[in-house]
file entry_5.pdb (PDB, N, CA and C atoms)
MODEL        1
ATOM      1  N   MET E 287      -6.953  25.840 -30.283
ATOM      2  CA  MET E 287      -8.016  26.795 -30.378
ATOM      3  C   MET E 287      -7.714  28.033 -29.547
ATOM      4  N   ILE E 288      -7.262  27.809 -28.301
ATOM      5  CA  ILE E 288      -6.944  28.938 -27.424
ATOM      6  C   ILE E 288      -5.773  29.724 -27.993
ATOM      7  N   ALA E 289      -4.787  29.023 -28.538
ATOM      8  CA  ALA E 289      -3.628  29.705 -29.132
ATOM      9  C   ALA E 289      -4.055  30.565 -30.308
ATOM     10  N   ALA E 290      -4.994  30.104 -31.104
ATOM     11  CA  ALA E 290      -5.461  30.889 -32.245
ATOM     12  C   ALA E 290      -6.227  32.126 -31.783
ATOM     13  N   VAL E 291      -7.039  31.991 -30.746
ATOM     14  CA  VAL E 291      -7.821  33.119 -30.235
ATOM     15  C   VAL E 291      -6.909  34.169 -29.610
ATOM     16  N   THR E 292      -5.873  33.739 -28.892
ATOM     17  CA  THR E 292      -4.960  34.683 -28.242
ATOM     18  C   THR E 292      -3.834  35.133 -29.158
ATOM     19  N   ASN E 293      -3.903  34.732 -30.424
ATOM     20  CA  ASN E 293      -2.906  35.108 -31.431
ATOM     21  C   ASN E 293      -1.500  34.614 -31.066
ATOM     22  N   GLU E 294      -1.423  33.454 -30.466
ATOM     23  CA  GLU E 294      -0.151  32.833 -30.092
ATOM     24  C   GLU E 294       0.103  31.572 -30.909
ATOM     25  N   LEU E 295      -0.580  31.422 -32.012
ATOM     26  CA  LEU E 295      -0.472  30.233 -32.844
ATOM     27  C   LEU E 295       0.910  30.169 -33.477
ATOM     28  N   SER E 296       1.536  29.010 -33.375
ATOM     29  CA  SER E 296       2.856  28.805 -33.949
ATOM     30  C   SER E 296       2.792  27.623 -34.912
ATOM     31  N   LEU E 297       3.304  27.810 -36.073
ATOM     32  CA  LEU E 297       3.351  26.727 -37.050
ATOM     33  C   LEU E 297       4.759  26.146 -37.166
ATOM     34  N   ASN E 298       5.557  26.368 -36.143
ATOM     35  CA  ASN E 298       6.903  25.818 -36.104
ATOM     36  C   ASN E 298       6.801  24.302 -35.911
ATOM     37  N   MET E 299       7.184  23.550 -36.917
ATOM     38  CA  MET E 299       7.028  22.087 -36.889
ATOM     39  C   MET E 299       7.862  21.435 -35.782
ATOM     40  N   GLN E 300       8.960  22.044 -35.413
ATOM     41  CA  GLN E 300       9.776  21.475 -34.339
ATOM     42  C   GLN E 300       9.005  21.511 -33.014
ATOM     43  N   TYR E 301       8.338  22.627 -32.695
ATOM     44  CA  TYR E 301       7.538  22.723 -31.476
ATOM     45  C   TYR E 301       6.373  21.738 -31.510
ATOM     46  N   ILE E 302       5.736  21.639 -32.633
ATOM     47  CA  ILE E 302       4.599  20.734 -32.773
ATOM     48  C   ILE E 302       5.043  19.288 -32.590
ATOM     49  N   PHE E 303       6.167  18.915 -33.199
ATOM     50  CA  PHE E 303       6.689  17.558 -33.075
ATOM     51  C   PHE E 303       7.017  17.219 -31.626
ATOM     52  N   PHE E 304       7.715  18.128 -30.940
ATOM     53  CA  PHE E 304       8.096  17.843 -29.557
ATOM     54  C   PHE E 304       6.885  17.850 -28.618
ATOM     55  N   ALA E 305       5.872  18.663 -28.906
ATOM     56  CA  ALA E 305       4.651  18.631 -28.103
ATOM     57  C   ALA E 305       3.918  17.298 -28.281
ATOM     58  N   LEU E 306       3.858  16.816 -29.508
ATOM     59  CA  LEU E 306       3.230  15.524 -29.762
ATOM     60  C   LEU E 306       4.031  14.385 -29.119
ATOM     61  N   LEU E 307       5.349  14.458 -29.192
ATOM     62  CA  LEU E 307       6.199  13.441 -28.577
ATOM     63  C   LEU E 307       6.035  13.434 -27.060
ATOM     64  N   LEU E 308       5.984  14.620 -26.465
ATOM     65  CA  LEU E 308       5.776  14.713 -25.020
ATOM     66  C   LEU E 308       4.424  14.129 -24.623
ATOM     67  N   GLY E 309       3.381  14.442 -25.368
ATOM     68  CA  GLY E 309       2.058  13.893 -25.079
ATOM     69  C   GLY E 309       2.032  12.382 -25.205
ATOM     70  N   PHE E 310       2.695  11.859 -26.217
ATOM     71  CA  PHE E 310       2.764  10.409 -26.407
ATOM     72  C   PHE E 310       3.487   9.743 -25.242
ATOM     73  N   MET E 311       4.616  10.307 -24.844
ATOM     74  CA  MET E 311       5.406   9.703 -23.764
ATOM     75  C   MET E 311       4.709   9.844 -22.412
ATOM     76  N   ALA E 312       4.197  11.038 -22.111
ATOM     77  CA  ALA E 312       3.640  11.301 -20.785
ATOM     78  C   ALA E 312       2.246  10.719 -20.603
ATOM     79  N   TYR E 313       1.431  10.777 -21.626
ATOM     80  CA  TYR E 313       0.042  10.329 -21.478
ATOM     81  C   TYR E 313      -0.206   8.991 -22.167
ATOM     82  N   GLY E 314       0.206   8.874 -23.393
ATOM     83  CA  GLY E 314      -0.070   7.669 -24.167
ATOM     84  C   GLY E 314       0.556   6.415 -23.582
ATOM     85  N   LEU E 315       1.845   6.463 -23.317
ATOM     86  CA  LEU E 315       2.512   5.290 -22.752
ATOM     87  C   LEU E 315       2.067   5.022 -21.327
ATOM     88  N   SER E 316       1.730   6.065 -20.584
ATOM     89  CA  SER E 316       1.238   5.883 -19.217
ATOM     90  C   SER E 316      -0.047   5.058 -19.211
ATOM     91  N   ILE E 317      -0.975   5.409 -20.053
ATOM     92  CA  ILE E 317      -2.236   4.661 -20.144
ATOM     93  C   ILE E 317      -1.984   3.236 -20.630
ATOM     94  N   PHE E 318      -1.128   3.090 -21.628
ATOM     95  CA  PHE E 318      -0.818   1.762 -22.174
ATOM     96  C   PHE E 318      -0.266   0.847 -21.084
ATOM     97  N   PHE E 319       0.740   1.317 -20.346
ATOM     98  CA  PHE E 319       1.353   0.473 -19.325
ATOM     99  C   PHE E 319       0.424   0.242 -18.136
ATOM    100  N   TYR E 320      -0.446   1.198 -17.845
ATOM    101  CA  TYR E 320      -1.414   1.017 -16.759
ATOM    102  C   TYR E 320      -2.396  -0.109 -17.097
ATOM    103  N   ILE E 321      -2.912  -0.107 -18.296
ATOM    104  CA  ILE E 321      -3.834  -1.164 -18.733
ATOM    105  C   ILE E 321      -3.109  -2.506 -18.820
ATOM    106  N   TYR E 322      -1.896  -2.485 -19.318
ATOM    107  CA  TYR E 322      -1.088  -3.696 -19.415
ATOM    108  C   TYR E 322      -0.860  -4.296 -18.024
ATOM    109  N   ALA E 323      -0.558  -3.442 -17.037
ATOM    110  CA  ALA E 323      -0.335  -3.924 -15.673
ATOM    111  C   ALA E 323      -1.621  -4.467 -15.066
ATOM    112  N   GLN E 324      -2.748  -3.841 -15.367
ATOM    113  CA  GLN E 324      -4.012  -4.349 -14.834
ATOM    114  C   GLN E 324      -4.305  -5.752 -15.338
ATOM    115  N   ARG E 325      -3.911  -6.034 -16.548
ATOM    116  CA  ARG E 325      -4.149  -7.356 -17.115
ATOM    117  C   ARG E 325      -3.393  -8.428 -16.332
ATOM    118  N   TYR E 326      -2.186  -8.133 -15.894
ATOM    119  CA  TYR E 326      -1.356  -9.155 -15.249
ATOM    120  C   TYR E 326      -1.353  -9.079 -13.725
ATOM    121  N   LEU E 327      -1.577  -7.897 -13.156
ATOM    122  CA  LEU E 327      -1.528  -7.763 -11.707
ATOM    123  C   LEU E 327      -2.900  -7.651 -11.063
ATOM    124  N   GLY E 328      -3.871  -7.211 -11.819
ATOM    125  CA  GLY E 328      -5.191  -6.936 -11.258
ATOM    126  C   GLY E 328      -5.327  -5.447 -10.969
ATOM    127  N   ALA E 329      -6.566  -4.998 -10.891
ATOM    128  CA  ALA E 329      -6.834  -3.566 -10.742
ATOM    129  C   ALA E 329      -6.359  -3.024  -9.401
ATOM    130  N   ALA E 330      -6.583  -3.760  -8.326
ATOM    131  CA  ALA E 330      -6.229  -3.259  -6.993
ATOM    132  C   ALA E 330      -4.724  -3.116  -6.830
ATOM    133  N   LYS E 331      -3.989  -4.133  -7.219
ATOM    134  CA  LYS E 331      -2.530  -4.079  -7.060
ATOM    135  C   LYS E 331      -1.913  -3.043  -7.996
ATOM    136  N   THR E 332      -2.440  -2.913  -9.203
ATOM    137  CA  THR E 332      -1.931  -1.902 -10.130
ATOM    138  C   THR E 332      -2.148  -0.511  -9.564
ATOM    139  N   SER E 333      -3.308  -0.267  -8.997
ATOM    140  CA  SER E 333      -3.588   1.041  -8.407
ATOM    141  C   SER E 333      -2.663   1.319  -7.222
ATOM    142  N   ALA E 334      -2.377   0.296  -6.448
ATOM    143  CA  ALA E 334      -1.473   0.481  -5.313
ATOM    144  C   ALA E 334      -0.073   0.847  -5.782
ATOM    145  N   TYR E 335       0.429   0.173  -6.812
ATOM    146  CA  TYR E 335       1.746   0.515  -7.331
ATOM    147  C   TYR E 335       1.744   1.876  -8.006
ATOM    148  N   TYR E 336       0.643   2.217  -8.637
ATOM    149  CA  TYR E 336       0.513   3.518  -9.294
ATOM    150  C   TYR E 336       0.557   4.651  -8.276
ATOM    151  N   ALA E 337       0.192   4.354  -7.039
ATOM    152  CA  ALA E 337       0.214   5.351  -5.971
ATOM    153  C   ALA E 337       1.630   5.765  -5.592
ATOM    154  N   VAL E 338       2.629   5.041  -6.053
ATOM    155  CA  VAL E 338       4.019   5.372  -5.752
ATOM    156  C   VAL E 338       4.513   6.533  -6.621
ATOM    157  N   SER E 339       3.856   6.806  -7.727
ATOM    158  CA  SER E 339       4.339   7.831  -8.655
ATOM    159  C   SER E 339       4.460   9.228  -8.048
ATOM    160  N   PRO E 340       3.594   9.656  -7.114
ATOM    161  CA  PRO E 340       3.826  10.981  -6.519
ATOM    162  C   PRO E 340       5.149  11.083  -5.774
ATOM    163  N   PHE E 341       5.597   9.972  -5.192
ATOM    164  CA  PHE E 341       6.888   9.986  -4.501
ATOM    165  C   PHE E 341       8.036  10.201  -5.480
ATOM    166  N   ILE E 342       7.948   9.563  -6.622
ATOM    167  CA  ILE E 342       8.976   9.728  -7.640
ATOM    168  C   ILE E 342       9.004  11.177  -8.124
ATOM    169  N   GLY E 343       7.835  11.751  -8.356
ATOM    170  CA  GLY E 343       7.755  13.149  -8.778
ATOM    171  C   GLY E 343       8.290  14.098  -7.732
ATOM    172  N   ALA E 344       7.989  13.839  -6.470
ATOM    173  CA  ALA E 344       8.476  14.703  -5.391
ATOM    174  C   ALA E 344       9.998  14.641  -5.269
ATOM    175  N   VAL E 345      10.556  13.454  -5.340
ATOM    176  CA  VAL E 345      12.013  13.312  -5.255
ATOM    177  C   VAL E 345      12.688  13.977  -6.447
ATOM    178  N   LEU E 346      12.146  13.781  -7.632
ATOM    179  CA  LEU E 346      12.725  14.426  -8.810
ATOM    180  C   LEU E 346      12.662  15.944  -8.712
ATOM    181  N   SER E 347      11.558  16.479  -8.198
ATOM    182  CA  SER E 347      11.456  17.938  -8.075
ATOM    183  C   SER E 347      12.456  18.484  -7.070
ATOM    184  N   LEU E 348      12.695  17.741  -5.985
ATOM    185  CA  LEU E 348      13.699  18.189  -5.016
ATOM    186  C   LEU E 348      15.103  18.186  -5.625
ATOM    187  N   ILE E 349      15.369  17.195  -6.453
ATOM    188  CA  ILE E 349      16.675  17.115  -7.101
ATOM    189  C   ILE E 349      16.820  18.195  -8.167
ATOM    190  N   ILE E 350      15.814  18.351  -9.001
ATOM    191  CA  ILE E 350      15.897  19.311 -10.109
ATOM    192  C   ILE E 350      15.993  20.738  -9.602
ATOM    193  N   PHE E 351      15.161  21.086  -8.622
ATOM    194  CA  PHE E 351      15.132  22.466  -8.130
ATOM    195  C   PHE E 351      16.094  22.709  -6.974
ATOM    196  N   ARG E 352      16.783  21.682  -6.530
ATOM    197  CA  ARG E 352      17.805  21.775  -5.485
ATOM    198  C   ARG E 352      17.287  22.484  -4.240
ATOM    199  N   GLU E 353      16.167  21.983  -3.747
ATOM    200  CA  GLU E 353      15.572  22.541  -2.540
ATOM    201  C   GLU E 353      15.582  21.500  -1.432
ATOM    202  N   LEU E 354      15.722  21.983  -0.218
ATOM    203  CA  LEU E 354      15.623  21.101   0.930
ATOM    204  C   LEU E 354      14.162  21.047   1.369
ATOM    205  N   PRO E 355      13.669  19.858   1.681
ATOM    206  CA  PRO E 355      12.265  19.747   2.092
ATOM    207  C   PRO E 355      12.054  20.327   3.491
ATOM    208  N   SER E 356      10.860  20.900   3.704
ATOM    209  CA  SER E 356      10.514  21.456   5.016
ATOM    210  C   SER E 356      10.078  20.328   5.951
ATOM    211  N   ALA E 357       9.910  20.674   7.214
ATOM    212  CA  ALA E 357       9.491  19.679   8.201
ATOM    213  C   ALA E 357       8.083  19.168   7.890
ATOM    214  N   SER E 358       7.180  20.056   7.466
ATOM    215  CA  SER E 358       5.817  19.612   7.141
ATOM    216  C   SER E 358       5.820  18.705   5.907
ATOM    217  N   PHE E 359       6.704  18.978   4.948
ATOM    218  CA  PHE E 359       6.829  18.117   3.779
ATOM    219  C   PHE E 359       7.283  16.724   4.199
ATOM    220  N   LEU E 360       8.283  16.649   5.057
ATOM    221  CA  LEU E 360       8.785  15.350   5.512
ATOM    222  C   LEU E 360       7.729  14.587   6.313
ATOM    223  N   ALA E 361       6.942  15.308   7.128
ATOM    224  CA  ALA E 361       5.877  14.649   7.889
ATOM    225  C   ALA E 361       4.816  14.085   6.947
ATOM    226  N   ALA E 362       4.415  14.878   5.959
ATOM    227  CA  ALA E 362       3.417  14.401   4.986
ATOM    228  C   ALA E 362       3.968  13.236   4.175
ATOM    229  N   LEU E 363       5.233  13.309   3.799
ATOM    230  CA  LEU E 363       5.872  12.228   3.050
ATOM    231  C   LEU E 363       5.865  10.931   3.856
ATOM    232  N   PHE E 364       6.158  11.042   5.126
ATOM    233  CA  PHE E 364       6.177   9.870   6.003
ATOM    234  C   PHE E 364       4.791   9.240   6.111
ATOM    235  N   ILE E 365       3.766  10.061   6.299
ATOM    236  CA  ILE E 365       2.398   9.550   6.415
ATOM    237  C   ILE E 365       1.954   8.910   5.103
ATOM    238  N   MET E 366       2.272   9.555   3.984
ATOM    239  CA  MET E 366       1.914   8.980   2.681
ATOM    240  C   MET E 366       2.650   7.670   2.439
ATOM    241  N   ALA E 367       3.901   7.584   2.849
ATOM    242  CA  ALA E 367       4.674   6.356   2.659
ATOM    243  C   ALA E 367       4.074   5.203   3.458
ATOM    244  N   ILE E 368       3.642   5.486   4.667
ATOM    245  CA  ILE E 368       3.011   4.439   5.482
ATOM    246  C   ILE E 368       1.719   3.954   4.812
ATOM    247  N   GLY E 369       0.896   4.878   4.363
ATOM    248  CA  GLY E 369      -0.352   4.504   3.692
ATOM    249  C   GLY E 369      -0.108   3.708   2.429
ATOM    250  N   THR E 370       0.872   4.121   1.640
ATOM    251  CA  THR E 370       1.195   3.405   0.409
ATOM    252  C   THR E 370       1.707   2.006   0.712
ATOM    253  N   TYR E 371       2.498   1.874   1.767
ATOM    254  CA  TYR E 371       2.996   0.553   2.150
ATOM    255  C   TYR E 371       1.840  -0.379   2.505
ATOM    256  N   PHE E 372       0.914   0.106   3.335
ATOM    257  CA  PHE E 372      -0.201  -0.743   3.745
ATOM    258  C   PHE E 372      -1.087  -1.133   2.571
ATOM    259  N   VAL E 373      -1.276  -0.235   1.642
ATOM    260  CA  VAL E 373      -2.130  -0.527   0.494
ATOM    261  C   VAL E 373      -1.465  -1.526  -0.447
ATOM    262  N   SER E 374      -0.146  -1.406  -0.629
ATOM    263  CA  SER E 374       0.524  -2.232  -1.628
ATOM    264  C   SER E 374       1.154  -3.504  -1.070
ATOM    265  N   SER E 375       1.167  -3.687   0.250
ATOM    266  CA  SER E 375       1.799  -4.885   0.806
ATOM    267  C   SER E 375       0.904  -6.101   0.625
ATOM    268  N   GLU E 376       1.515  -7.240   0.520
ATOM    269  CA  GLU E 376       0.784  -8.508   0.340
ATOM    270  C   GLU E 376      -0.063  -8.823   1.558
ATOM    271  N   SER E 377       0.471  -8.577   2.748
ATOM    272  CA  SER E 377      -0.267  -8.934   3.959
ATOM    273  C   SER E 377      -1.505  -8.071   4.153
ATOM    274  N   GLY E 378      -1.466  -6.833   3.670
ATOM    275  CA  GLY E 378      -2.613  -5.954   3.836
ATOM    276  C   GLY E 378      -3.749  -6.280   2.882
ATOM    277  N   SER E 379      -3.477  -7.012   1.800
ATOM    278  CA  SER E 379      -4.521  -7.292   0.811
ATOM    279  C   SER E 379      -5.267  -8.585   1.071
ATOM    280  N   LYS E 380      -4.825  -9.390   2.015
ATOM    281  CA  LYS E 380      -5.503 -10.651   2.300
ATOM    282  C   LYS E 380      -6.647 -10.425   3.275
ATOM    283  N   ASN E 381      -7.685 -11.201   3.096
ATOM    284  CA  ASN E 381      -8.831 -11.111   3.994
ATOM    285  C   ASN E 381      -8.513 -11.795   5.311
ATOM    286  N   PRO E 382      -8.952 -11.213   6.433
ATOM    287  CA  PRO E 382      -8.695 -11.873   7.711
ATOM    288  C   PRO E 382      -9.524 -13.149   7.855
ATOM    289  N   PRO E 383      -9.039 -14.115   8.639
ATOM    290  CA  PRO E 383      -9.774 -15.394   8.781
ATOM    291  C   PRO E 383     -11.088 -15.249   9.484
TER     292      PRO E 383
ENDMDL
END
call {"tool": "encode", "arguments": {"input": "entry_5.pdb", "output": "structure tokens"}}
result
Amino acid sequence: MIAAVTNELSLNMQYIFFALLLGFMAYGLSIFFYIYAQRYLGAAKTSAYYAVSPFIGAVLSLIIFRELPSASFLAALFIMAIGTYFVSSESGSKNPP
């Protein structure tokens, strides 16, 4: 709709196909595997593992753009890693006696 209003509408089937494929891979399969994991792992553990995805994205962006991380980035990464570990570890999910 926005493309039609801004006169940027493209009927190139190759662009349309790759946009649909990207949406299927990035969104469709993500939701499918998230629900599938909830069935076998439970909602809490699935959410904890899902919290690891920002780390994967950050590492990939550093590799793709060939940038060195700043000191504040490394500090934030360290704090996030500690939090993710506590949330996803087996010992942290058990109730105390």
call {"tool": "axis_aligned_box", "arguments": {"input": "entry_5.pdb", "around": "stretch 363-373 of chain E", "padding_each_side": "8 Å", "output": "lines of an AutoDock Vina configuration file"}}
result
center_x = 2.0
center_y = 5.9
center_z = 3.0
size_x = 24.3
size_y = 30.8
size_z = 22.9
call {"tool": "atom_distance", "arguments": {"input": "entry_5.pdb", "atom1": "atom C of E:Val291", "atom2": "atom C of E:Met311"}}
result
27.9 Å
call {"tool": "atom_distance", "arguments": {"input": "entry_5.pdb", "atom1": "atom C of E:Tyr336", "atom2": "atom CA of E:Ala305"}}
result
24.6 Å
call {"tool": "atom_distance", "arguments": {"input": "entry_5.pdb", "atom1": "atom CA of E:Gly309", "atom2": "atom CA of E:Ile350"}}
result
21.1 Å
call {"tool": "residues_around", "arguments": {"input": "entry_5.pdb", "residues": "E:Ala344", "least_positions_apart": "4", "cutoff": "10 Å", "atoms": "only C-alpha atoms", "output": "JSON, numbers by chain"}}
result
{"E": [339, 340, 348, 349, 350, 355, 359, 363]}
call {"tool": "residues_near_point", "arguments": {"input": "entry_5.pdb", "point": "(-0.2, 1.0, -5.0)", "cutoff": "8 Å", "atoms": "all atoms listed in the file", "output": "ChimeraX atom specification"}}
result
/E:330-339,369-375
call {"tool": "select_by_dssp", "arguments": {"input": "entry_5.pdb", "residues": "stretch 288-369 of chain E", "states": "alpha helix (DSSP H)", "output": "number ranges by chain"}}
result
E: 288-291, 299-309, 315-327, 329-336, 339-351, 357-369
